[in-house]
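> my_file-v3.cif (mmCIF, C-alpha atoms) pasted underneath:
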```
data_protein
#
loop_
_atom_site.label_atom_id
_atom_site.label_comp_id
_atom_site.auth_asym_id
_atom_site.auth_seq_id
_atom_site.Cartn_x
_atom_site.Cartn_y
_atom_site.Cartn_z
CA MET A 11 120.03 149.71 84.29
CA THR A 12 120.05 151.07 87.85
CA THR A 13 123.47 151.35 89.48
CA THR A 14 123.72 151.11 93.26
CA LEU A 15 126.52 151.57 95.78
CA ILE A 16 126.22 149.97 99.23
CA THR A 17 128.85 150.88 101.80
CA GLY A 18 129.95 148.15 104.22
CA ALA A 19 128.47 145.52 101.94
CA ASN A 20 130.90 142.63 102.27
CA LYS A 21 128.84 141.07 105.11
CA GLY A 22 125.65 141.34 107.16
CA LEU A 23 122.81 143.61 106.12
CA GLY A 24 124.87 145.22 103.38
CA PHE A 25 125.64 141.85 101.79
CA GLU A 26 122.02 140.71 101.93
CA THR A 27 120.82 144.04 100.52
CA ALA A 28 123.32 143.68 97.68
CA ARG A 29 122.12 140.15 96.97
CA ARG A 30 118.51 141.26 96.76
CA LEU A 31 119.24 144.27 94.58
CA VAL A 32 121.36 142.22 92.18
CA ALA A 33 118.39 139.85 91.92
CA ALA A 34 116.19 142.88 91.19
CA GLY A 35 118.39 143.78 88.23
CA HIS A 36 120.62 146.46 89.73
CA THR A 37 124.30 146.80 88.95
CA VAL A 38 125.61 146.79 92.50
CA TYR A 39 128.91 148.06 93.84
CA VAL A 40 129.92 146.27 97.02
CA GLY A 41 131.71 148.90 99.09
CA SER A 42 134.25 147.48 101.52
CA ARG A 43 137.23 148.82 103.49
CA ASP A 44 139.14 145.60 102.79
CA ALA A 45 139.83 145.04 99.09
CA GLU A 46 140.06 141.24 99.30
CA ARG A 47 136.89 140.81 101.37
CA GLY A 48 135.07 143.11 99.00
CA ARG A 49 136.32 141.21 95.98
CA ARG A 50 135.18 137.88 97.41
CA ALA A 51 131.76 139.23 98.38
CA ALA A 52 131.25 140.80 94.96
CA ALA A 53 132.24 137.55 93.23
CA ASP A 54 129.74 135.62 95.35
CA LEU A 55 126.99 138.10 94.50
CA GLY A 56 127.64 138.83 90.85
CA ALA A 57 128.36 142.43 91.84
CA ARG A 58 131.28 144.84 91.44
CA PRO A 59 133.80 145.51 94.20
CA VAL A 60 134.93 149.00 95.17
CA VAL A 61 137.21 149.92 98.05
CA VAL A 62 135.62 152.60 100.21
CA ASP A 63 136.53 153.49 103.78
CA VAL A 64 133.87 155.97 104.87
CA THR A 65 136.23 157.46 107.47
CA ASP A 66 138.81 158.46 104.84
CA ASP A 67 138.35 161.37 102.43
CA ALA A 68 140.78 160.04 99.84
CA SER A 69 139.21 156.58 99.83
CA VAL A 70 135.71 157.97 99.33
CA ALA A 71 136.88 160.35 96.60
CA ALA A 72 138.65 157.52 94.78
CA ALA A 73 135.51 155.36 94.92
CA ALA A 74 133.45 158.20 93.48
CA LYS A 75 135.91 158.62 90.60
CA THR A 76 135.84 154.90 89.89
CA ILE A 77 132.05 154.72 89.79
CA GLU A 78 131.79 157.91 87.76
CA ALA A 79 134.22 156.53 85.18
CA GLU A 80 132.20 153.34 84.92
CA GLY A 81 128.91 155.09 84.23
CA GLY A 82 127.56 156.89 87.30
CA LEU A 83 125.25 156.18 90.22
CA ASP A 84 121.49 156.04 90.82
CA VAL A 85 121.12 154.62 94.33
CA LEU A 86 123.30 155.12 97.39
CA VAL A 87 122.84 152.96 100.49
CA ASN A 88 124.77 154.34 103.46
CA ASN A 89 125.01 151.06 105.36
CA ALA A 90 128.50 151.15 106.95
CA GLY A 91 128.26 151.61 110.71
CA ILE A 92 129.58 150.55 114.10
CA GLU A 93 128.03 150.25 117.56
CA GLY A 94 131.19 150.28 119.67
CA ARG A 95 130.67 147.63 122.33
CA GLY A 96 132.98 147.02 125.28
CA GLU A 97 134.51 143.93 126.86
CA GLY A 98 132.39 140.81 126.68
CA ASN A 99 130.23 142.43 124.00
CA SER A 100 128.72 144.76 126.62
CA VAL A 101 126.93 147.96 125.67
CA ILE A 102 128.90 150.99 126.92
CA GLY A 103 126.58 152.99 129.18
CA ALA A 104 126.49 156.61 130.30
CA ALA A 105 128.90 156.09 133.20
CA GLU A 106 131.63 154.65 130.98
CA VAL A 107 131.27 156.48 127.67
CA THR A 108 133.94 159.04 126.81
CA ALA A 109 134.23 161.80 124.25
CA GLY A 110 136.80 159.68 122.43
CA MET A 111 134.35 156.79 122.12
CA MET A 112 131.68 159.16 120.86
CA ARG A 113 134.08 160.62 118.32
CA GLU A 114 134.98 157.19 116.98
CA LEU A 115 131.35 156.25 116.40
CA PHE A 116 130.48 159.60 114.89
CA GLU A 117 133.44 159.35 112.50
CA THR A 118 131.88 156.29 110.88
CA ASN A 119 128.16 156.63 111.53
CA VAL A 120 127.71 160.38 111.02
CA PHE A 121 130.72 162.00 109.36
CA GLY A 122 131.02 158.94 107.12
CA VAL A 123 127.48 159.46 105.83
CA VAL A 124 128.17 163.13 105.10
CA ARG A 125 131.53 162.31 103.51
CA VAL A 126 129.95 159.78 101.14
CA LEU A 127 126.96 161.99 100.36
CA HIS A 128 129.20 164.93 99.54
CA ALA A 129 131.36 162.86 97.19
CA PHE A 130 128.50 161.16 95.37
CA LEU A 131 125.96 164.00 95.15
CA PRO A 132 127.23 165.13 91.73
CA LEU A 133 126.70 161.63 90.37
CA LEU A 134 123.27 161.25 91.96
CA GLN A 135 122.15 164.59 90.55
CA ARG A 136 122.84 163.30 87.03
CA SER A 137 120.57 160.29 87.58
CA ALA A 138 117.00 160.27 86.29
CA ALA A 139 115.74 158.71 89.53
CA PRO A 140 118.27 159.16 92.35
CA VAL A 141 117.71 157.52 95.73
CA VAL A 142 119.58 157.63 99.04
CA VAL A 143 118.92 155.19 101.89
CA ASN A 144 120.57 155.96 105.22
CA LEU A 145 120.77 153.16 107.77
CA SER A 146 119.36 154.40 111.06
CA SER A 147 118.02 152.56 114.10
CA GLY A 148 114.93 152.40 116.27
CA LEU A 149 117.25 153.69 119.01
CA ALA A 150 117.46 156.96 117.05
CA SER A 151 113.78 157.60 117.73
CA LEU A 152 113.42 159.97 120.68
CA ALA A 153 109.79 158.88 120.90
CA ARG A 154 110.86 155.26 121.38
CA ILE A 155 113.75 155.71 123.78
CA THR A 156 111.62 157.92 126.05
CA ASP A 157 108.71 155.46 126.16
CA PRO A 158 109.08 153.33 129.32
CA ALA A 159 106.77 150.72 127.83
CA GLY A 160 108.97 150.11 124.78
CA PRO A 161 112.08 147.91 124.47
CA ALA A 162 114.26 150.80 123.22
CA HIS A 163 113.85 152.54 126.59
CA ALA A 164 116.01 149.88 128.27
CA TYR A 165 119.04 150.34 126.00
CA PRO A 166 121.78 151.96 128.13
CA GLY A 167 124.16 153.09 125.39
CA VAL A 168 124.75 156.75 124.55
CA ALA A 169 127.02 156.97 121.50
CA TYR A 170 125.17 154.70 119.08
CA PRO A 171 121.66 156.17 119.54
CA ALA A 172 123.07 159.70 119.41
CA SER A 173 124.90 158.95 116.17
CA LYS A 174 121.80 157.53 114.53
CA THR A 175 119.63 160.43 115.70
CA ALA A 176 122.17 162.64 113.92
CA VAL A 177 121.76 160.50 110.80
CA ASN A 178 118.01 161.14 110.94
CA THR A 179 118.58 164.89 111.06
CA ILE A 180 121.02 164.64 108.15
CA THR A 181 118.40 162.69 106.21
CA VAL A 182 115.73 165.35 106.69
CA GLN A 183 118.04 168.23 105.81
CA TYR A 184 119.41 166.60 102.65
CA ALA A 185 115.89 165.66 101.55
CA LYS A 186 114.85 169.31 101.84
CA ALA A 187 117.99 170.57 100.12
CA PHE A 188 117.71 168.15 97.19
CA PRO A 189 114.01 167.62 96.39
CA GLY A 190 114.89 165.73 93.22
CA ILE A 191 116.54 162.96 95.26
CA ARG A 192 114.53 160.53 97.39
CA VAL A 193 116.42 160.57 100.72
CA ASN A 194 115.14 158.40 103.57
CA ALA A 195 116.33 156.78 106.80
CA VAL A 196 115.46 153.18 107.63
CA GLU A 197 115.26 151.09 110.79
CA PRO A 198 116.08 147.47 109.89
CA GLY A 199 115.23 146.15 113.35
CA PHE A 200 117.38 144.31 115.88
CA THR A 201 119.19 142.07 113.41
CA ALA A 202 121.85 139.51 114.25
CA THR A 203 125.06 140.90 112.72
CA ASP A 204 128.67 141.45 113.70
CA LEU A 205 127.74 145.02 114.68
CA ASN A 206 125.96 143.76 117.81
CA GLY A 207 127.91 140.56 118.33
CA ASN A 208 125.08 138.62 116.64
CA THR A 209 122.77 139.25 119.59
CA GLY A 210 119.92 140.47 117.37
CA ILE A 211 116.62 138.61 117.14
CA GLN A 212 116.04 139.01 113.40
CA THR A 213 117.77 137.41 110.41
CA VAL A 214 119.58 139.55 107.85
CA GLU A 215 116.87 138.58 105.38
CA GLU A 216 114.26 140.17 107.64
CA GLY A 217 116.41 143.18 108.41
CA ALA A 218 117.21 143.91 104.77
CA GLU A 219 113.52 144.05 103.80
CA ILE A 220 113.01 147.78 104.46
CA ILE A 221 116.44 148.71 103.06
CA VAL A 222 115.66 146.98 99.77
CA ARG A 223 112.13 148.40 99.66
CA MET A 224 113.36 151.97 100.04
CA ALA A 225 116.21 151.44 97.58
CA LEU A 226 113.64 150.45 94.95
CA ILE A 227 111.32 153.47 95.29
CA GLY A 228 110.65 155.63 92.26
CA PRO A 229 110.59 159.42 91.76
CA ASP A 230 107.09 159.57 93.26
CA GLY A 231 108.19 157.78 96.45
CA PRO A 232 108.54 159.36 99.89
CA THR A 233 111.48 161.53 100.90
CA GLY A 234 112.71 162.90 104.22
CA GLY A 235 111.11 160.02 106.12
CA PHE A 236 112.05 157.38 108.68
CA PHE A 237 110.69 153.88 108.03
CA ASP A 238 110.78 150.30 109.23
CA ALA A 239 109.15 147.24 107.67
CA ALA A 240 105.78 148.19 109.20
CA GLY A 241 105.78 151.80 107.99
CA PRO A 242 106.80 155.25 109.30
CA VAL A 243 108.78 155.36 112.56
CA PRO A 244 108.21 158.27 114.99
CA TRP A 245 111.07 160.70 115.28
#
```
Spell out the structure here as structure tokens.


Amino acid sequence: MTTTLITGANKGLGFETARRLVAAGHTVYVGSRDAERGRRAAADLGARPVVVDVTDDASVAAAAKTIEAEGGLDVLVNNAGIEGRGEGNSVIGAAEVTAGMMRELFETNVFGVVRVLHAFLPLLQRSAAPVVVNLSSGLASLARITDPAGPAHAYPGVAYPASKTAVNTITVQYAKAFPGIRVNAVEPGFTATDLNGNTGIQTVEEGAEIIVRMALIGPDGPTGGFFDAAGPVPW
């Protein structure tokens, strides 16, 4: 039986990914900052709830101890993330962004990924087929945001793309450091979720496709890559 933890899984892409992986036979831990929301989501899915706030060392450590005591971990999906929009759901552009705003996003999107990886690496290293999936974004691709012909070029935000580009670097470096673990970043596409005020053009079912696909890869699967539903994404 494959055991999977998904952070931020009580709604949106995390919830849909959990649903699909439960259907695939995984034992899934629904990670949620809010215990009650996590409990309800897990009950709906036939999964297990675990409280995990990726911005809090003690919370992450406690979740790792819980999952270790219950048998260990094979797959980690670092899904929890924020975009940090302003009033009226507006994207905060270069003229308005502050170091404080950047720090808030990085605390969840970047430091949270490292915090969770650090806590769960010992468990993953005991697995026969460990996998890590880091949620990235097409906005993390320098090739895409510098291409005037592409839609990513028009996005005015600074903090969110920068945080996800950092996630891509983290993905590559962990993949090199731990060749026995399949570590990849994924771009789910512009999906309608609370993260973007439901302005996305895809459904969560469509967005979860690449997350689920990469969570299901075996020991001979790719590592250190960046993928969307169509294949590799340029860095």

> Residues near range 193-199 of chain A, anyone? I mean within 9 Å using all atoms listed in the file, not counting same-chain ones fewer than 6 positions away, as a PyMOL selection string.

chain A and resi 23+140-150+177-178+181-182+184-186+210-212+214+216-221+224+232-239+243

> Kindly give the distance, in Å, that separates CA of Glu80 in chain A and CA of Val40 in chain A, rounded to a single decimal.

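These atoms are spaced 14.2 Å apart.
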
> Using the chain letters and numbering of this document, enumerate as a PDB file with C-alpha atoms, in the coordinates of the input the residues selected by the PyMOL selection byres ((chain A and resi 51) around 10).


```
ATOM      1  CA  ALA A  19     128.470 145.520 101.940  1.00  0.00           C
ATOM      2  CA  ASN A  20     130.900 142.630 102.270  1.00  0.00           C
ATOM      3  CA  LYS A  21     128.840 141.070 105.110  1.00  0.00           C
ATOM      4  CA  PHE A  25     125.640 141.850 101.790  1.00  0.00           C
ATOM      5  CA  ALA A  28     123.320 143.680  97.680  1.00  0.00           C
ATOM      6  CA  ARG A  29     122.120 140.150  96.970  1.00  0.00           C
ATOM      7  CA  VAL A  40     129.920 146.270  97.020  1.00  0.00           C
ATOM      8  CA  GLY A  41     131.710 148.900  99.090  1.00  0.00           C
ATOM      9  CA  SER A  42     134.250 147.480 101.520  1.00  0.00           C
ATOM     10  CA  ALA A  45     139.830 145.040  99.090  1.00  0.00           C
ATOM     11  CA  GLU A  46     140.060 141.240  99.300  1.00  0.00           C
ATOM     12  CA  ARG A  47     136.890 140.810 101.370  1.00  0.00           C
ATOM     13  CA  GLY A  48     135.070 143.110  99.000  1.00  0.00           C
ATOM     14  CA  ARG A  49     136.320 141.210  95.980  1.00  0.00           C
ATOM     15  CA  ARG A  50     135.180 137.880  97.410  1.00  0.00           C
ATOM     16  CA  ALA A  52     131.250 140.800  94.960  1.00  0.00           C
ATOM     17  CA  ALA A  53     132.240 137.550  93.230  1.00  0.00           C
ATOM     18  CA  ASP A  54     129.740 135.620  95.350  1.00  0.00           C
ATOM     19  CA  LEU A  55     126.990 138.100  94.500  1.00  0.00           C
ATOM     20  CA  GLY A  56     127.640 138.830  90.850  1.00  0.00           C
ATOM     21  CA  ALA A  57     128.360 142.430  91.840  1.00  0.00           C
ATOM     22  CA  ARG A  58     131.280 144.840  91.440  1.00  0.00           C
ATOM     23  CA  PRO A  59     133.800 145.510  94.200  1.00  0.00           C
TER      24      PRO A  59
END
```

> So what do you get for CA of Gly103 in chain A versus CA of Val168 in chain A, distance-wise?

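Those two atoms sit 6.2 Å apart.
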
> By how many Å are CA of Ile155 in chain A and CA of Gln183 in chain A apart?

22.3 Å

> Which one of A:Ile227, A:Leu127, A:Val120, A:Ile191 sits closest to Thr175 in chain A if you count all atoms listed in the file?

A:Val120

> Leu131 in chain A: which residues within 12 Å, counting all atoms listed in the file, same-chain residues fewer than 6 positions away excluded, as a short mmCIF file (atom, residue, chain, number, x, y, z; two decimals) with C-alpha atoms, in the frame of the given file?


```cif
data_model
loop_
_atom_site.label_atom_id
_atom_site.label_comp_id
_atom_site.auth_asym_id
_atom_site.auth_seq_id
_atom_site.Cartn_x
_atom_site.Cartn_y
_atom_site.Cartn_z
CA ALA A 71 136.88 160.35 96.60
CA ALA A 74 133.45 158.20 93.48
CA GLU A 78 131.79 157.91 87.76
CA GLY A 82 127.56 156.89 87.30
CA LEU A 83 125.25 156.18 90.22
CA ASP A 84 121.49 156.04 90.82
CA VAL A 85 121.12 154.62 94.33
CA LEU A 86 123.30 155.12 97.39
CA VAL A 123 127.48 159.46 105.83
CA VAL A 124 128.17 163.13 105.10
CA ARG A 125 131.53 162.31 103.51
CA SER A 137 120.57 160.29 87.58
CA PRO A 140 118.27 159.16 92.35
CA VAL A 141 117.71 157.52 95.73
CA VAL A 142 119.58 157.63 99.04
CA TYR A 184 119.41 166.60 102.65
CA ALA A 187 117.99 170.57 100.12
CA PHE A 188 117.71 168.15 97.19
CA GLY A 190 114.89 165.73 93.22
CA ILE A 191 116.54 162.96 95.26
CA VAL A 193 116.42 160.57 100.72
#
```

> Using only C-alpha atoms, find the one residue out of A:Asp230, A:Gly91, A:Ala159, A:Glu215 that sits nearest to Pro189 in chain A.

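Closest residue, counting only C-alpha atoms: A:Asp230.
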
> Using only C-alpha atoms, pick whichever of A:Pro132, A:Gly94, A:Gly122, A:Gly81 has the shortest atom-to-atom distance to Ala176 in chain A.

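Using only C-alpha atoms, the shortest distance to Ala176 in chain A belongs to A:Gly122.
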
> Measuring between only C-alpha atoms, which one of A:Glu97, A:Leu115, A:Ala129, A:Val107 shows the shortest distance to Ala72 in chain A?

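Among A:Glu97, A:Leu115, A:Ala129, A:Val107, it is A:Ala129 that comes nearest to Ala72 in chain A.
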